[in-house]
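Trainee: If you scroll down you'll find the structure; I have some questions about it.
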Amino acid sequence: MSQNKKDEILHDHNRDGIDRRGFLKCMAWAGTGALCVMQGGVLKSYSMSRANEWNAAKMAGELSFAQISDSHMGFNKAANPDVAATLQAAVDKINALSVPPEFLLHTGDISHLARPEEFDTVDQIVKGAVAKDVFFVPGEHDVIGDEGKQYRDRYGKGTQGEGWYSFEKKGVHFIGLVNVVNLKAGGLGNLGGEQLEWLEADVKRLKTSTPIVVFAHIPLWSVYPEWGWGTDDSAQALSYLKKFGSVSVLNGHIHQIMQKVEGNVTFHTAASTAFPQPQPGKADSPGPMKVPAEQLRSFLGITEVNFVRGQHALAIVDSQLG
Amino acid sequence: MRRKFTRIGLAAAVVAWLAMTAAVGHVGGAAAQEKAATSAAVKIDNFSFGPTALTVPVGTTVTWTNRDDIPHTVVSTDGVFKSKALDTDDKFSFLFSKPGTYPYFCSIHPKMTGQVIVQ
């Protein structure tokens, strides 16, 4: 394993300790943010604190999009009494990017309690983004009480099953998965047989050179199962993606930035726009982490992703809100 | 002492009556449940149910209180009871009128599990 840099914490839950393709395995704490450049399945990560060293030309691509996550509209506790303001700040930040993203991904927990007015507020704020297309997947908070019916009525047009779907953008194949419904007692996130079958069929027809971006709420890798930070049947899903040269998995749920590379797959979790959660095992529970008000926005953020044709590279840039 | 004896006597009588009604096929009448009514509490703290396993007599109303900053639910694994989302300090109560073991979990955070044992 390569020596970790000052502001990066290495996690090696799989105990493989392998620097398989000379990549860097890192977990950048939300306050630092990170720029990630992926080339042929290899992810490089740079701290935002070194932004002055970035090569802007390298970051430019033919496709860029921004990821926001865990807006938890309706949350009003001490960890962030104004989640609408911080979501607005995230949208403002997206609108200020030098290259406007073509679309947004929201990786779930749009709402806090799946109340209609919470979804309404998010829709209103997101409408102000320069990118007009927004692609959603549900978080467990969005499906409370009705296993996602309201979510699908609002955001699920043209989707399959519980709300999964795929689409193409400039040669990149995007797959939105749902791993927050029909959860079993004692279990983790769950994709289910029907969705797995659909996924297998969905990617079968694709060339192995097609870059794949999978997005879902709960991490599709085992971040910290003790806190439910993983998906029971994600290995099955990932087995269908083995043949592809470049697979990026974008998740939310854990309210902090983590990255990990496994073979051809780069995993990335986004910060929340609402409130931070503690590092795995560093608190009694994964409940909201209270930080001094003046520091809050440095724990929240957005993720911008650039796709560079030809190199099959995804550059993932995390920005903090403050 | 006298009062205690009276209570035990009453409880014994109720148990006997319940046994009798059960034996003749009556499902415990409202009057019997009222007499035996007790309550018990489960606190939800730090993404866990406390106590994780709760043993109560038949006729007990169990009340769950969410003391986390995050919503939780109380959902019977076997479909016997199901709360709505409990926000901070919200409560959910269920009257256990039949003996048995009732496993339950939080459908939002399924790692959170507990059980009520009704005797």
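Residue numbering restarts at 1 in every chain; chains get A, B, ... in the order shown in the structure tokens, and ligands count up from 1 in that same order.
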Near B:Tyr102, counting only C-alpha atoms, which residues have an atom at most 12 Å away, once you skip same-chain residues fewer than 4 positions from it, shown as number ranges by chain?
Mentor: B: 52-56, 62, 74-82, 94-98, 113-119
Trainee: Would you mind exporting N, CA and C atoms of the selected residues as a PDB file, in the first residue's frame?
Mentor:
ATOM      1  N   THR B  52     -32.909  -4.277  23.880  1.00  0.00           N
ATOM      2  CA  THR B  52     -33.014  -4.967  22.595  1.00  0.00           C
ATOM      3  C   THR B  52     -34.066  -6.064  22.664  1.00  0.00           C
ATOM      4  N   ALA B  53     -34.070  -6.798  23.786  1.00  0.00           N
ATOM      5  CA  ALA B  53     -35.104  -7.813  24.003  1.00  0.00           C
ATOM      6  C   ALA B  53     -35.885  -7.403  25.248  1.00  0.00           C
ATOM      7  N   LEU B  54     -37.186  -7.314  25.096  1.00  0.00           N
ATOM      8  CA  LEU B  54     -38.048  -6.872  26.194  1.00  0.00           C
ATOM      9  C   LEU B  54     -39.052  -7.977  26.475  1.00  0.00           C
ATOM     10  N   THR B  55     -39.132  -8.407  27.734  1.00  0.00           N
ATOM     11  CA  THR B  55     -40.100  -9.439  28.098  1.00  0.00           C
ATOM     12  C   THR B  55     -41.226  -8.802  28.904  1.00  0.00           C
ATOM     13  N   VAL B  56     -42.464  -9.026  28.464  1.00  0.00           N
ATOM     14  CA  VAL B  56     -43.623  -8.399  29.124  1.00  0.00           C
ATOM     15  C   VAL B  56     -44.749  -9.429  29.251  1.00  0.00           C
ATOM     16  N   VAL B  62     -46.597  -1.594  24.760  1.00  0.00           N
ATOM     17  CA  VAL B  62     -45.195  -1.179  24.665  1.00  0.00           C
ATOM     18  C   VAL B  62     -45.138   0.115  23.861  1.00  0.00           C
ATOM     19  N   VAL B  74     -40.577   1.343  13.584  1.00  0.00           N
ATOM     20  CA  VAL B  74     -40.674   0.106  14.360  1.00  0.00           C
ATOM     21  C   VAL B  74     -41.583  -0.815  13.553  1.00  0.00           C
ATOM     22  N   VAL B  75     -40.987  -1.830  12.939  1.00  0.00           N
ATOM     23  CA  VAL B  75     -41.740  -2.674  12.018  1.00  0.00           C
ATOM     24  C   VAL B  75     -41.566  -4.140  12.399  1.00  0.00           C
ATOM     25  N   SER B  76     -42.678  -4.797  12.653  1.00  0.00           N
ATOM     26  CA  SER B  76     -42.655  -6.222  12.985  1.00  0.00           C
ATOM     27  C   SER B  76     -42.160  -7.014  11.781  1.00  0.00           C
ATOM     28  N   THR B  77     -41.216  -7.917  12.027  1.00  0.00           N
ATOM     29  CA  THR B  77     -40.668  -8.747  10.953  1.00  0.00           C
ATOM     30  C   THR B  77     -41.758  -9.631  10.346  1.00  0.00           C
ATOM     31  N   ASP B  78     -42.764  -9.982  11.185  1.00  0.00           N
ATOM     32  CA  ASP B  78     -43.833 -10.873  10.723  1.00  0.00           C
ATOM     33  C   ASP B  78     -45.099 -10.116  10.331  1.00  0.00           C
ATOM     34  N   GLY B  79     -45.008  -8.813  10.221  1.00  0.00           N
ATOM     35  CA  GLY B  79     -46.157  -8.026   9.772  1.00  0.00           C
ATOM     36  C   GLY B  79     -47.227  -7.787  10.831  1.00  0.00           C
ATOM     37  N   VAL B  80     -46.889  -7.955  12.115  1.00  0.00           N
ATOM     38  CA  VAL B  80     -47.890  -7.791  13.180  1.00  0.00           C
ATOM     39  C   VAL B  80     -48.157  -6.304  13.472  1.00  0.00           C
ATOM     40  N   PHE B  81     -47.123  -5.495  13.436  1.00  0.00           N
ATOM     41  CA  PHE B  81     -47.285  -4.060  13.684  1.00  0.00           C
ATOM     42  C   PHE B  81     -46.288  -3.277  12.842  1.00  0.00           C
ATOM     43  N   LYS B  82     -46.623  -2.023  12.601  1.00  0.00           N
ATOM     44  CA  LYS B  82     -45.764  -1.193  11.753  1.00  0.00           C
ATOM     45  C   LYS B  82     -46.025   0.269  12.090  1.00  0.00           C
ATOM     46  N   PHE B  94     -47.945  -0.190  20.899  1.00  0.00           N
ATOM     47  CA  PHE B  94     -48.671  -1.380  20.434  1.00  0.00           C
ATOM     48  C   PHE B  94     -49.036  -2.237  21.633  1.00  0.00           C
ATOM     49  N   LEU B  95     -50.289  -2.693  21.645  1.00  0.00           N
ATOM     50  CA  LEU B  95     -50.783  -3.546  22.726  1.00  0.00           C
ATOM     51  C   LEU B  95     -50.569  -5.006  22.344  1.00  0.00           C
ATOM     52  N   PHE B  96     -49.805  -5.709  23.174  1.00  0.00           N
ATOM     53  CA  PHE B  96     -49.528  -7.122  22.909  1.00  0.00           C
ATOM     54  C   PHE B  96     -50.549  -7.969  23.659  1.00  0.00           C
ATOM     55  N   SER B  97     -51.511  -8.501  22.950  1.00  0.00           N
ATOM     56  CA  SER B  97     -52.598  -9.238  23.602  1.00  0.00           C
ATOM     57  C   SER B  97     -52.462 -10.748  23.467  1.00  0.00           C
ATOM     58  N   LYS B  98     -51.433 -11.189  22.758  1.00  0.00           N
ATOM     59  CA  LYS B  98     -51.225 -12.638  22.626  1.00  0.00           C
ATOM     60  C   LYS B  98     -49.776 -12.968  22.952  1.00  0.00           C
ATOM     61  N   THR B 113     -32.331  -3.980  15.145  1.00  0.00           N
ATOM     62  CA  THR B 113     -33.334  -5.015  15.381  1.00  0.00           C
ATOM     63  C   THR B 113     -33.600  -5.141  16.880  1.00  0.00           C
ATOM     64  N   GLY B 114     -34.766  -5.695  17.198  1.00  0.00           N
ATOM     65  CA  GLY B 114     -35.125  -5.946  18.594  1.00  0.00           C
ATOM     66  C   GLY B 114     -36.231  -6.976  18.654  1.00  0.00           C
ATOM     67  N   GLN B 115     -36.618  -7.365  19.867  1.00  0.00           N
ATOM     68  CA  GLN B 115     -37.771  -8.253  19.967  1.00  0.00           C
ATOM     69  C   GLN B 115     -38.517  -8.021  21.266  1.00  0.00           C
ATOM     70  N   VAL B 116     -39.815  -8.285  21.193  1.00  0.00           N
ATOM     71  CA  VAL B 116     -40.663  -8.253  22.384  1.00  0.00           C
ATOM     72  C   VAL B 116     -41.129  -9.669  22.633  1.00  0.00           C
ATOM     73  N   ILE B 117     -40.868 -10.152  23.859  1.00  0.00           N
ATOM     74  CA  ILE B 117     -41.292 -11.501  24.229  1.00  0.00           C
ATOM     75  C   ILE B 117     -42.489 -11.343  25.159  1.00  0.00           C
ATOM     76  N   VAL B 118     -43.622 -11.834  24.719  1.00  0.00           N
ATOM     77  CA  VAL B 118     -44.866 -11.686  25.475  1.00  0.00           C
ATOM     78  C   VAL B 118     -45.203 -13.025  26.114  1.00  0.00           C
ATOM     79  N   GLN B 119     -45.336 -13.015  27.459  1.00  0.00           N
ATOM     80  CA  GLN B 119     -45.568 -14.289  28.180  1.00  0.00           C
ATOM     81  C   GLN B 119     -46.932 -14.276  28.870  1.00  0.00           C
TER      82      GLN B 119
END
Trainee: Compile the residues of chain A that lie within 6 Å of chain B, evaluated using only C-alpha atoms, and express the compilation as a list in words.
Mentor: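 Output check: Glu140, Ala185, Gly186, Gly187, Gly228 and Ser285 of chain A.
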Trainee: Based on the selection just made, write N, CA and C atoms of those residues as a compact mmCIF listing (two decimals), in the first residue's frame.
Mentor:
# COMPACT_ATOMS: atom_id res chain seq x y z
N GLU A 140 -33.20 5.87 1.48
CA GLU A 140 -34.17 5.19 2.35
C GLU A 140 -35.16 6.19 2.96
N ALA A 185 -34.78 -7.29 7.88
CA ALA A 185 -34.30 -7.10 9.25
C ALA A 185 -32.87 -7.64 9.38
N GLY A 186 -32.00 -6.83 9.93
CA GLY A 186 -30.62 -7.23 10.14
C GLY A 186 -29.73 -7.08 8.93
N GLY A 187 -30.34 -6.69 7.79
CA GLY A 187 -29.57 -6.65 6.55
C GLY A 187 -29.03 -5.26 6.23
N GLY A 228 -24.54 -0.38 8.64
CA GLY A 228 -25.43 -0.54 7.50
C GLY A 228 -24.90 0.13 6.23
N SER A 285 -22.83 6.06 16.95
CA SER A 285 -23.78 5.73 15.89
C SER A 285 -23.52 6.65 14.71
Trainee: Hey, what's within 12 Å of stretch 121-124 of chain A if we count only C-alpha atoms and toss same-chain stuff fewer than 5 positions away? As an MDAnalysis selection string, please?
Mentor: chainID A and resid 68:74 83:88 90:91 106 108:112 114:116 129 132:136 154:155 273:274
Trainee: From the options A:Leu113, A:Val99, A:Ala131, A:Val203, which residue's atoms come nearest to A:Gly148, counting only C-alpha atoms?
Mentor: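 Counting only C-alpha atoms, the residue closest to A:Gly148 is A:Leu113.
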Trainee: Can you measure atom CA of A:Val178 to atom CA of A:Leu63 for me? One decimal in Å is fine.
Mentor: 24.3 Å
Trainee: Name all residues at most 10 Å from stretch 159-176 of chain A (count only C-alpha atoms; drop same-chain ones fewer than 2 positions away) and give them as a ChimeraX atom specification.
Mentor: /A:62-64,102-103,105,107,135-138,147-149,151-153,155-157,178-182,191,194-195,198-199,202-203,206,209-217,246-250,307,309,312
